[in-house]
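Undergrad: So that we are looking at the same thing, I have put the structure below in structure tokens.
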Number of protein chains: 4
Amino acid sequence: MPLDDSLLDMAVPDLTQFHRVRELSESLAAPLSPEDWMLQSMTEASPVKWHLAHTSWFFETFILEKYIRDYKRYNEDFNYLFNSYYVRIGDMHPRASRNLISRPSAAQVLEYRHHVTSQIMQLCAQLDDKEAVEVAQLLRLGCAHEEQHQELLLTDIKHALFQNPTGPSAYTCPALPDRVSWDNDAWVEFDGGIVDIGADGGEGFNFDNEAPHHQVLLKPFALASAPVTNRQYCAFIEAGGYQDPRWWLSDGWEKVVSQNWRAPLYWCGEGRDRTRYSLFGIESLNPGAPVSHLSFYEAAAYAEWAGCRLPTEFEWEYASGKAAGQGTQLTQSGPFEPQPAVFERDDMCHQMFGDVWEWTASPYTAYPGFRASPGAIGEYNGKFMSSQMVLRGGSCATPAGHVRGTYRNFFPPAARWQFAGVRLARHL
Amino acid sequence: MPLDDSLLDMAVPDLTQFHRVRELSESLAAPLSPEDWMLQSMTEASPVKWHLAHTSWFFETFILEKYIRDYKRYNEDFNYLFNSYYVRIGDMHPRASRNLISRPSAAQVLEYRHHVTSQIMQLCAQLDDKEAVEVAQLLRLGCAHEEQHQELLLTDIKHALFQNPTGPSAYTCPALPDRVSWDNDAWVEFDGGIVDIGADGGEGFNFDNEAPHHQVLLKPFALASAPVTNRQYCAFIEAGGYQDPRWWLSDGWEKVVSQNWRAPLYWCGEGRDRTRYSLFGIESLNPGAPVSHLSFYEAAAYAEWAGCRLPTEFEWEYASGKAAGQGTQLTQSGPFEPQPAVFERDDMCHQMFGDVWEWTASPYTAYPGFRASPGAIGEYNGKFMSSQMVLRGGSCATPAGHVRGTYRNFFPPAARWQFAGVRLARHL
Amino acid sequence: MPLDDSLLDMAVPDLTQFHRVRELSESLAAPLSPEDWMLQSMTEASPVKWHLAHTSWFFETFILEKYIRDYKRYNEDFNYLFNSYYVRIGDMHPRASRNLISRPSAAQVLEYRHHVTSQIMQLCAQLDDKEAVEVAQLLRLGCAHEEQHQELLLTDIKHALFQNPTGPSAYTCPALPDRVSWDNDAWVEFDGGIVDIGADGGEGFNFDNEAPHHQVLLKPFALASAPVTNRQYCAFIEAGGYQDPRWWLSDGWEKVVSQNWRAPLYWCGEGRDRTRYSLFGIESLNPGAPVSHLSFYEAAAYAEWAGCRLPTEFEWEYASGKAAGQGTQLTQSGPFEPQPAVFERDDMCHQMFGDVWEWTASPYTAYPGFRASPGAIGEYNGKFMSSQMVLRGGSCATPAGHVRGTYRNFFPPAARWQFAGVRLARHL
Amino acid sequence: MPLDDSLLDMAVPDLTQFHRVRELSESLAAPLSPEDWMLQSMTEASPVKWHLAHTSWFFETFILEKYIRDYKRYNEDFNYLFNSYYVRIGDMHPRASRNLISRPSAAQVLEYRHHVTSQIMQLCAQLDDKEAVEVAQLLRLGCAHEEQHQELLLTDIKHALFQNPTGPSAYTCPALPDRVSWDNDAWVEFDGGIVDIGADGGEGFNFDNEAPHHQVLLKPFALASAPVTNRQYCAFIEAGGYQDPRWWLSDGWEKVVSQNWRAPLYWCGEGRDRTRYSLFGIESLNPGAPVSHLSFYEAAAYAEWAGCRLPTEFEWEYASGKAAGQGTQLTQSGPFEPQPAVFERDDMCHQMFGDVWEWTASPYTAYPGFRASPGAIGEYNGKFMSSQMVLRGGSCATPAGHVRGTYRNFFPPAARWQFAGVRLARHL
């Protein structure tokens, strides 16, 4: 019996993908100067240079070190500087001090990247069949890992440049279609019942946190056809949403008061003078684009105010099967900001994969029977399963093709620097 | 058709319960001095005096103010001083400064208590039928609320007296049966399937967070017959559990390192010299008693080390139907510390209601269709549904009769000052 | 040749003074409840109970332990609990946790006091001549030490009760003469030259930081005849003094901005509605009384705004020889707050010893040739000679007779909870 | 009557000095990359780029804006970004965020520098006589200001590169004479009496804080002939100096404990394995070089341990008249680290101007009659006259010719990142 093609695909290292991923990172970094590459505006964020180096360290540590006999590390110091959190690999540079790594220089980090890329290429030409299967898997993981860092590179540099009072632009704004949009307030209904959740490992790549495949019981529910737009979110602000504790979780209200939250991150001004900081500099607000840079607390408060709720991650995943097309995802040319959609009146959910991540009502926990991968690679996901919330979908900064219906993103509920928005849900 | 008796019960204020509850608070406080009543050792904890006053404020605010026409508050300042977190009632005294309330004095707070108690009694004698139903409900809520504060009073004063380097005792140790116990390492198996979860409102009191009643799909699982004992937990410590990041969630490991955790809270010494601070002062460790004063992180790390996991709150609730008897709960005479159990070899779960709260794997979130009660009373539970974990069962400090199978307790994952332990679970 | 009388006095323990001092402490504490005695509103302040115990610990540690053979400490724990900062004596309870000492109780601390007092009395009856001289000196030091704590007891409890939003009073306001005062804006001129500074040890008690006696060269200068009054300070506020960085030292301006300083500590309201919190509760501002509860920064800013400067401690000490009478000092009956003075138009400095401490321009440093006393008692003063400013004079909370011309008080420049004000100086 | 030459010098802008100063800054920065220029390792330190820009802003703000009619600022944003603390000029970028200024780039800042330099040159060619006198003075101030920033540039980049775990070097170590040195433990005695202190404004430049010239009365004293060496300081460490609170001021001991100080900043290892981080990377300790990177607390503790004391700034200034030659100061070629001296046995003080700043016992306060310069330029010195200590002399990082006998440097007592050491004093 012949092998299933997709399984065959999984059995050999996908060097085309590998090349594409490595190039995208470098092309995102290219318009930024070595000085921009140094910026770190908060502990949670990392400098561009560090993202570029760490993603190479990942391939070096989990593939080159293991599969090349007597492999000599490119630079011993890099194992300390560019380890993120893999305690089983060894000690690491403190996260808050990543902005103090002027050495190695930008040029040296690019050299390191090219060295790792080329070593991987050479290695893949020499693997026996068993190794090829293993390396193919690790390569896919490394590419998925690097794609995640591509998104962080964008959100981190956005946050960092925003601290510069001159409002600098990271990229040149591409010419985008001038869409006249209306707010899509249709609802899509779902019956619920016992539904399948998670990745079954049968085809394609998935992270360990998407498994095991299992069943969940859902009550009938409805999901908004589209994410909440800037225009809709403005109504919440104008209605005094940020002044009224009724809509807020207690922890969220504490943030509103202590951090003086008055609007989503990056918004400035009020009423008609509202602007927002984008990767193109300071811009006027696009009313029809999905609202982004919300914390979970803001998403939940908006939903409460609107008399609705957030979907659970299971409702979202189940509904994603009925999604119409995709939203905007990241390519080499951007677009770097969420875009308004032109909708047809259909009975479908729109923009589910792209534009903005969607906060769900689900805390990030293990699926029944979850086991982290063995060894240091198992530190990838499982150890973060506390005090974070699941986001689903993908954003304008998510590399095209990176996400899928079972994909689970996660951030602490107060995090605002991601392209994260909200899609409403309600019970039927 | 005649009314169901239990519903009838619910329709008239239960003054017997009210009296019992009010008296228990005062009897727990009685052995402590007015100076002890002032202690507040951390922001999360409150002084005894504050617990006594706040629970009275609750009855005054939600019943007396509403049902007595032209009710004049006992003291206007108390509405500011003794509001805990009900923002819709008005401003409140900062939580961290509750230890600065030397005025009103202990004696004045007791007077306030007696005033409120007697006003409630008088009010209940004058209610019309409709009001009686409402007040009966609020009275039950107020009693449940005060019972929760009785438990906090004990855990807070334990934490506060522990800060005193002389290791003072709060209570005289009662004579307890000298049980020779073995570690019950039996497992009880459950089939799972679609199971009923939550309170259906049909009978008895429940908090709003236990509703709505709904179905959940469970895979087959097993629950340990008994909670982990001090003896078993010592093995984890001796095995280097607090030195090995493999067992820990990332946030938990951060605590281990930054707070220098080496054993459960209140444990001192090592090996055979281990002692622990209790409400009776410093004592030797009781090997057969359930381990308590664990954080969620420690509970989860222990489970990981033991090759098991924590139960979900749904598994726990479902299994609680198969529980053998109760554990130790609080009465006027204590016992104030978890007790070893004498087990029969049966196919049952033991000590599920008492001795120690059991951390579950479930973050504290809303049940499908949850709506908080309207008005300020709705701030009771719902607004805390983020960044906390559910505990189930009840402890030696939980007033007898307070808990039930659907009861959901919740604390942040790093909290250690509750009588919280761990019961293992695994998949079948 | 007969001995000088004053030296003779120094050679025998002054038990009359000892008794007077011990009684004043207890009489200041008496109107306050055991619960009030627990209050500690900031790390720099201590509870009343702690002051009462610590001053007894001082006598026990430095006299009883040394001069009574095989002396057995009253309670071993007290050596840990009530040591303030004498590292050579041993470990001590953390300063910020003094509010957690509910045990020993107020009553037990009073018993401890009485024990120490009576032991000292017995000891003094049995000393040989050589010991008598030594004990007489230590007793004087212990009394001076306790008098300092009497002032702190008052300023600490004032700060603590002020945190209670109900504005409680510590003491009943005594009947005070209703003085109609004018602002004394006369200047007293001094020639300067080489002047004598410091205590020469010839007679009377002094702290080690007042020695050695030495010479200082002063330029001609003038000192204001009286300290700045509330009325005068209001003019600074109305003139926008707290909004204009020109008048402020950089560190001071940082405090103004970050702590939102708008008036002296304890002042509330604006313009004609100004009130202030006093030990008698909330009162209207007394325009003719010296302004108090200023930080050094405020004193210096006021002087800068007024086109003057603060005096150096040497100018102040030299001028104090030309002082007319004393200001208000503390007796058992108060008065607990600075009082307006009725001035004669004379060429004298008024209110130099009492009412308010006067911030000087002098940082607190060692006099040339200063040596701290040997042993633990040497930790009294010298080790604090950095980052503090000298205050001179004495206040309404300084026990009568405690201060003298050479007396050096010292506090960090941002401290505001002392009765500290400002007297202007200028060059001639 | 002909003008005194030195006064004549003061009357025309010294463009030779100006050029020399501007070039030195750029030559110090040249070996460092644009990425190195971004580093800021603590709030008190600034990035190289910021130093280069701020010193240009100073000339632009205080000269170009005032003397060029209708002067248009080079870039309006720079007035916000590169103002340090001149509140009268306007708002400014938060100090702690100077590491977030990737834009303007290094190249743009150099352009800005060249623009300002050339504008100053053009301006000076066109001044009338009155303006020339004023600009000459401001130019001298601006040069002195930039020289101070040259020293900070070196100490700040040293601190920043030290945070990089790879121990990078900033500069190539120059070939230095291999001096075999002995510890010069001779004392130089001084009679004291009434001595002249401060700058009399008669000739040469001085900062406002060096005036007015006045008299001070000194007792006879002796000063060590040379600063304490690394070898001598090691003896203090080996004797347990960092473990014994007896030697330490209370604030200093608090730092020792909380910051875990065990040796001067930049020292690593123990005993014979001691190394230190320098601007050339990690080096072995030079036993005969003056110890540096001490806080005031360490300097004072060393002196106490040695049975001596720190000199007052007046003793130091008076003694500086009897100094033998200078120590090592900064030129374009370094040397960037303190050097051992070869002494003759003479009755002189050595290395007083260079190698290491010498902590004095004197808090930084105003001289009698001090008035800050009018306007924003008056914010240069006076407003910092609290909570800092005076250092005298100059260091290996002080540009040659910058210091003089009356020069007063000042830093907070806990600051360790300057080239600051200690010279002992004692009373005679």
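In the structure tokens, chains take letters A, B, ... by order of appearance, with residues numbered from 1 within each chain and ligands from 1 in the order shown.
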Give me the residues within 9 Å of D:Glu379 as an MDAnalysis selection string, counting only C-alpha atoms and dropping any in the same chain fewer than 6 places off.

TA: (chainID C and resid 246 250) or (chainID D and resid 85:88 372:373)

Undergrad: Dump N, CA, C and O atoms for the selected residues as a JSON list (two decimals), in the first residue's frame?

TA:
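Dumped everything to out_8.json:
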```json
[["chain", "number", "residue", "atom", "x", "y", "z"],
["C", 246, "ARG", "N", 11.65, 76.53, 40.35],
["C", 246, "ARG", "CA", 12.77, 77.44, 40.63],
["C", 246, "ARG", "C", 13.20, 77.42, 42.09],
["C", 246, "ARG", "O", 14.36, 77.66, 42.41],
["C", 250, "SER", "N", 16.62, 69.78, 43.42],
["C", 250, "SER", "CA", 16.18, 68.79, 42.45],
["C", 250, "SER", "C", 15.50, 67.60, 43.13],
["C", 250, "SER", "O", 14.42, 67.16, 42.71],
["D", 85, "TYR", "N", 17.99, 68.11, 32.18],
["D", 85, "TYR", "CA", 17.21, 68.38, 33.40],
["D", 85, "TYR", "C", 16.89, 69.85, 33.55],
["D", 85, "TYR", "O", 16.58, 70.29, 34.65],
["D", 86, "TYR", "N", 16.96, 70.59, 32.49],
["D", 86, "TYR", "CA", 16.72, 72.04, 32.59],
["D", 86, "TYR", "C", 15.23, 72.32, 32.49],
["D", 86, "TYR", "O", 14.70, 72.52, 31.41],
["D", 87, "VAL", "N", 14.55, 72.29, 33.64],
["D", 87, "VAL", "CA", 13.08, 72.39, 33.61],
["D", 87, "VAL", "C", 12.62, 73.73, 33.07],
["D", 87, "VAL", "O", 11.51, 73.85, 32.56],
["D", 88, "ARG", "N", 13.46, 74.73, 33.16],
["D", 88, "ARG", "CA", 13.01, 76.02, 32.64],
["D", 88, "ARG", "C", 13.04, 76.07, 31.12],
["D", 88, "ARG", "O", 12.52, 76.97, 30.50],
["D", 372, "ALA", "N", 23.18, 80.81, 42.54],
["D", 372, "ALA", "CA", 23.23, 80.15, 41.24],
["D", 372, "ALA", "C", 23.17, 81.21, 40.14],
["D", 372, "ALA", "O", 22.63, 82.30, 40.34],
["D", 373, "SER", "N", 23.72, 80.90, 38.98],
["D", 373, "SER", "CA", 23.63, 81.80, 37.84],
["D", 373, "SER", "C", 22.16, 82.04, 37.51],
["D", 373, "SER", "O", 21.32, 81.16, 37.73]]
```

Undergrad: List every residue of stretch 211-421 of chain C that DSSP, applied to the backbone, labels as strand (DSSP E or B), and write the result as a ChimeraX atom specification.

TA: /C:214-218,221-224,229,267-268,275-278,281-284,290,309,323-324,330-331,334,349-350,357-363,389-392,399,409-411,420-421

Undergrad: Go ahead and dump the residues you just picked, N, CA and C atoms, as a compact mmCIF listing (two decimals), in the first residue's frame.

TA:
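Below is the file result_6.txt, written as the result:
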```txt
# COMPACT_ATOMS: atom_id res chain seq x y z
N HIS C 214 34.90 72.58 69.41
CA HIS C 214 35.88 73.06 68.43
C HIS C 214 35.51 74.46 67.96
N GLN C 215 36.36 75.04 67.13
CA GLN C 215 36.09 76.39 66.63
C GLN C 215 35.67 76.34 65.16
N VAL C 216 34.83 77.31 64.83
CA VAL C 216 34.37 77.46 63.46
C VAL C 216 34.41 78.94 63.10
N LEU C 217 34.73 79.22 61.86
CA LEU C 217 34.80 80.61 61.41
C LEU C 217 33.49 81.01 60.72
N LEU C 218 32.82 82.00 61.26
CA LEU C 218 31.54 82.44 60.68
C LEU C 218 31.66 83.84 60.09
N PHE C 221 26.21 87.47 59.90
CA PHE C 221 24.92 86.98 59.40
C PHE C 221 23.79 87.50 60.27
N ALA C 222 22.58 87.34 59.76
CA ALA C 222 21.39 87.70 60.54
C ALA C 222 20.46 86.51 60.59
N LEU C 223 19.76 86.38 61.71
CA LEU C 223 18.78 85.31 61.88
C LEU C 223 17.42 85.95 62.14
N ALA C 224 16.38 85.36 61.60
CA ALA C 224 15.04 85.87 61.87
C ALA C 224 14.74 85.74 63.35
N THR C 229 5.68 81.53 60.37
CA THR C 229 4.36 81.12 60.87
C THR C 229 3.52 80.48 59.77
N TRP C 267 -2.00 69.09 56.41
CA TRP C 267 -2.92 70.15 56.01
C TRP C 267 -3.94 69.60 55.03
N CYS C 268 -5.17 70.05 55.17
CA CYS C 268 -6.23 69.66 54.22
C CYS C 268 -6.94 70.93 53.78
N THR C 275 -7.67 73.21 57.00
CA THR C 275 -7.64 72.60 58.33
C THR C 275 -6.35 71.79 58.40
N ARG C 276 -6.08 71.29 59.59
CA ARG C 276 -4.94 70.40 59.70
C ARG C 276 -5.28 69.35 60.75
N TYR C 277 -4.68 68.20 60.57
CA TYR C 277 -4.86 67.14 61.52
C TYR C 277 -3.87 67.35 62.67
N SER C 278 -4.38 67.32 63.90
CA SER C 278 -3.52 67.44 65.07
C SER C 278 -3.78 66.27 66.01
N GLY C 281 -7.34 65.87 66.86
CA GLY C 281 -8.27 65.66 65.76
C GLY C 281 -8.10 66.76 64.73
N ILE C 282 -9.13 66.98 63.92
CA ILE C 282 -9.03 67.96 62.85
C ILE C 282 -9.37 69.34 63.39
N GLU C 283 -8.52 70.30 63.12
CA GLU C 283 -8.64 71.65 63.66
C GLU C 283 -8.48 72.69 62.56
N SER C 284 -8.90 73.91 62.87
CA SER C 284 -8.57 74.99 61.95
C SER C 284 -7.11 75.38 62.16
N PRO C 290 4.00 78.71 64.61
CA PRO C 290 5.05 78.35 63.64
C PRO C 290 4.56 77.21 62.74
N ARG C 309 17.92 82.32 53.13
CA ARG C 309 18.49 80.98 53.13
C ARG C 309 18.25 80.35 54.51
N ALA C 323 19.26 83.91 72.75
CA ALA C 323 17.84 83.58 72.64
C ALA C 323 17.04 84.15 73.80
N ALA C 324 15.85 84.65 73.50
CA ALA C 324 14.96 85.18 74.53
C ALA C 324 14.03 84.08 74.99
N LEU C 330 7.42 70.00 75.81
CA LEU C 330 6.44 69.01 76.24
C LEU C 330 6.44 68.81 77.76
N THR C 331 5.24 68.84 78.33
CA THR C 331 5.06 68.36 79.70
C THR C 331 3.96 67.32 79.67
N GLY C 334 0.88 68.29 77.84
CA GLY C 334 0.94 68.73 76.44
C GLY C 334 1.97 69.80 76.25
N CYS C 349 16.41 86.48 69.56
CA CYS C 349 15.76 85.37 68.85
C CYS C 349 14.78 84.68 69.79
N HIS C 350 13.58 84.48 69.30
CA HIS C 350 12.52 83.88 70.11
C HIS C 350 12.23 82.44 69.67
N TRP C 357 11.26 72.15 65.66
CA TRP C 357 12.64 71.96 65.26
C TRP C 357 12.90 72.83 64.04
N GLU C 358 14.11 73.32 63.91
CA GLU C 358 14.42 74.21 62.79
C GLU C 358 15.44 73.54 61.88
N TRP C 359 15.01 73.29 60.63
CA TRP C 359 15.92 72.69 59.65
C TRP C 359 17.10 73.64 59.43
N THR C 360 18.30 73.12 59.44
CA THR C 360 19.45 73.95 59.09
C THR C 360 19.97 73.56 57.71
N ALA C 361 20.88 74.35 57.20
CA ALA C 361 21.51 74.07 55.91
C ALA C 361 22.60 73.02 56.04
N SER C 362 22.80 72.49 57.25
CA SER C 362 23.96 71.63 57.49
C SER C 362 23.62 70.14 57.42
N PRO C 363 24.29 69.42 56.54
CA PRO C 363 24.18 67.96 56.58
C PRO C 363 24.78 67.47 57.89
N MET C 389 19.96 65.64 57.51
CA MET C 389 20.20 67.07 57.75
C MET C 389 20.02 67.35 59.24
N VAL C 390 20.75 68.33 59.73
CA VAL C 390 20.67 68.69 61.14
C VAL C 390 19.49 69.62 61.39
N LEU C 391 18.75 69.32 62.45
CA LEU C 391 17.73 70.24 62.95
C LEU C 391 18.17 70.70 64.33
N ARG C 392 17.84 71.92 64.64
CA ARG C 392 18.24 72.46 65.93
C ARG C 392 17.04 72.98 66.69
N PRO C 399 10.49 66.72 75.30
CA PRO C 399 10.31 66.85 76.75
C PRO C 399 11.08 68.05 77.31
N ASN C 409 19.76 67.41 66.39
CA ASN C 409 18.78 66.44 65.92
C ASN C 409 19.03 66.22 64.43
N PHE C 410 18.59 65.10 63.87
CA PHE C 410 18.86 64.85 62.44
C PHE C 410 17.78 63.97 61.85
N PHE C 411 17.39 64.28 60.65
CA PHE C 411 16.41 63.48 59.90
C PHE C 411 16.73 63.56 58.42
N ALA C 420 8.71 69.96 62.53
CA ALA C 420 9.88 70.66 62.00
C ALA C 420 9.45 71.85 61.17
N GLY C 421 10.07 73.00 61.43
CA GLY C 421 9.74 74.23 60.72
C GLY C 421 10.99 74.91 60.21
```

Undergrad: For chain B, list the residues within 10 Å of chain C, counting only C-alpha atoms, and write the list as a PyMOL selection string.

TA: chain B and resi 32-41+76-78+80-81+93+97-106+160-168

Undergrad: Near stretch 185-199 of chain A, within 9 Å and counting only C-alpha atoms, which residues show up once chain neighbours fewer than 5 positions away are dropped, as a PyMOL selection string?

TA: (chain A and resi 205-226+228+314-315+317-319+345-349+367+405-407+425+428) or (chain B and resi 217)

Undergrad: One decimal, Å: what's the distance from atom CA of A:His54 over to atom CA of A:Val356, could you say?

TA: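 Between atom CA of A:His54 and atom CA of A:Val356 the gap works out to 25.4 Å.
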
Undergrad: So the first atom is atom CA of A:Ala376 and the second is atom CA of A:Gly393; what is the distance between them in Å, to one decimal place?

TA: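 A separation of 27.4 Å between them.
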
Undergrad: Please report the interatomic distance between atom CA of A:Ser118 and atom CA of A:Gln148 in Å with one decimal.

TA: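 Result for atom CA of A:Ser118 versus atom CA of A:Gln148: 21.5 Å, one decimal.
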
Undergrad: Could you name the residues that touch C:Ser27 at 12 Å or less, counting only C-alpha atoms, but leaving out those on the same chain fewer than 5 positions away, as a PyMOL selection string?

TA: chain C and resi 20-22+32+48+52+110+150+153-154+171+331-334

Undergrad: Store the residues picked out above, limited to N, CA and C atoms, as an mmCIF file, in the first residue's frame.

TA:
```
data_model
loop_
_atom_site.group_PDB
_atom_site.id
_atom_site.type_symbol
_atom_site.label_atom_id
_atom_site.label_comp_id
_atom_site.auth_asym_id
_atom_site.auth_seq_id
_atom_site.Cartn_x
_atom_site.Cartn_y
_atom_site.Cartn_z
ATOM 1 N N ARG C 20 11.014 60.409 86.689
ATOM 2 C CA ARG C 20 10.225 61.377 85.947
ATOM 3 C C ARG C 20 10.101 60.939 84.483
ATOM 4 N N VAL C 21 11.229 60.527 83.922
ATOM 5 C CA VAL C 21 11.232 60.128 82.519
ATOM 6 C C VAL C 21 10.370 58.883 82.312
ATOM 7 N N ARG C 22 10.555 57.885 83.184
ATOM 8 C CA ARG C 22 9.783 56.649 83.024
ATOM 9 C C ARG C 22 8.289 56.938 83.119
ATOM 10 N N LEU C 32 -4.171 56.272 75.305
ATOM 11 C CA LEU C 32 -4.307 55.489 74.077
ATOM 12 C C LEU C 32 -4.608 54.041 74.432
ATOM 13 N N VAL C 48 3.532 52.576 69.571
ATOM 14 C CA VAL C 48 3.674 53.042 70.955
ATOM 15 C C VAL C 48 4.208 51.910 71.831
ATOM 16 N N LEU C 52 7.654 51.863 74.183
ATOM 17 C CA LEU C 52 7.663 51.600 75.624
ATOM 18 C C LEU C 52 8.574 50.430 75.975
ATOM 19 N N LEU C 110 3.936 46.745 79.924
ATOM 20 C CA LEU C 110 3.959 47.598 81.124
ATOM 21 C C LEU C 110 4.619 46.865 82.294
ATOM 22 N N GLN C 150 10.053 59.540 73.497
ATOM 23 C CA GLN C 150 8.780 60.182 73.845
ATOM 24 C C GLN C 150 8.333 61.099 72.704
ATOM 25 N N LEU C 153 7.257 58.833 69.925
ATOM 26 C CA LEU C 153 5.959 58.244 70.253
ATOM 27 C C LEU C 153 4.836 59.185 69.806
ATOM 28 N N LEU C 154 5.010 60.475 70.075
ATOM 29 C CA LEU C 154 3.969 61.444 69.703
ATOM 30 C C LEU C 154 3.885 61.645 68.191
ATOM 31 N N TYR C 171 -5.517 62.923 72.082
ATOM 32 C CA TYR C 171 -5.583 63.557 73.394
ATOM 33 C C TYR C 171 -6.702 64.590 73.411
ATOM 34 N N THR C 331 5.244 68.838 78.326
ATOM 35 C CA THR C 331 5.063 68.362 79.703
ATOM 36 C C THR C 331 3.957 67.321 79.672
ATOM 37 N N GLN C 332 3.650 66.785 80.841
ATOM 38 C CA GLN C 332 2.634 65.736 80.882
ATOM 39 C C GLN C 332 1.302 66.203 80.314
ATOM 40 N N SER C 333 1.069 67.498 80.403
ATOM 41 C CA SER C 333 -0.235 68.006 79.940
ATOM 42 C C SER C 333 -0.155 68.589 78.539
ATOM 43 N N GLY C 334 0.883 68.293 77.836
ATOM 44 C CA GLY C 334 0.938 68.725 76.443
ATOM 45 C C GLY C 334 1.974 69.803 76.254
#
```

Undergrad: Set the distance at 7 Å and use only C-alpha atoms: which residues neighbour A:Trp417 once local chain neighbours fewer than 2 positions away are removed? I'd like the list as a VMD selection string.

TA: chain A and resid 155 159 293 415 419
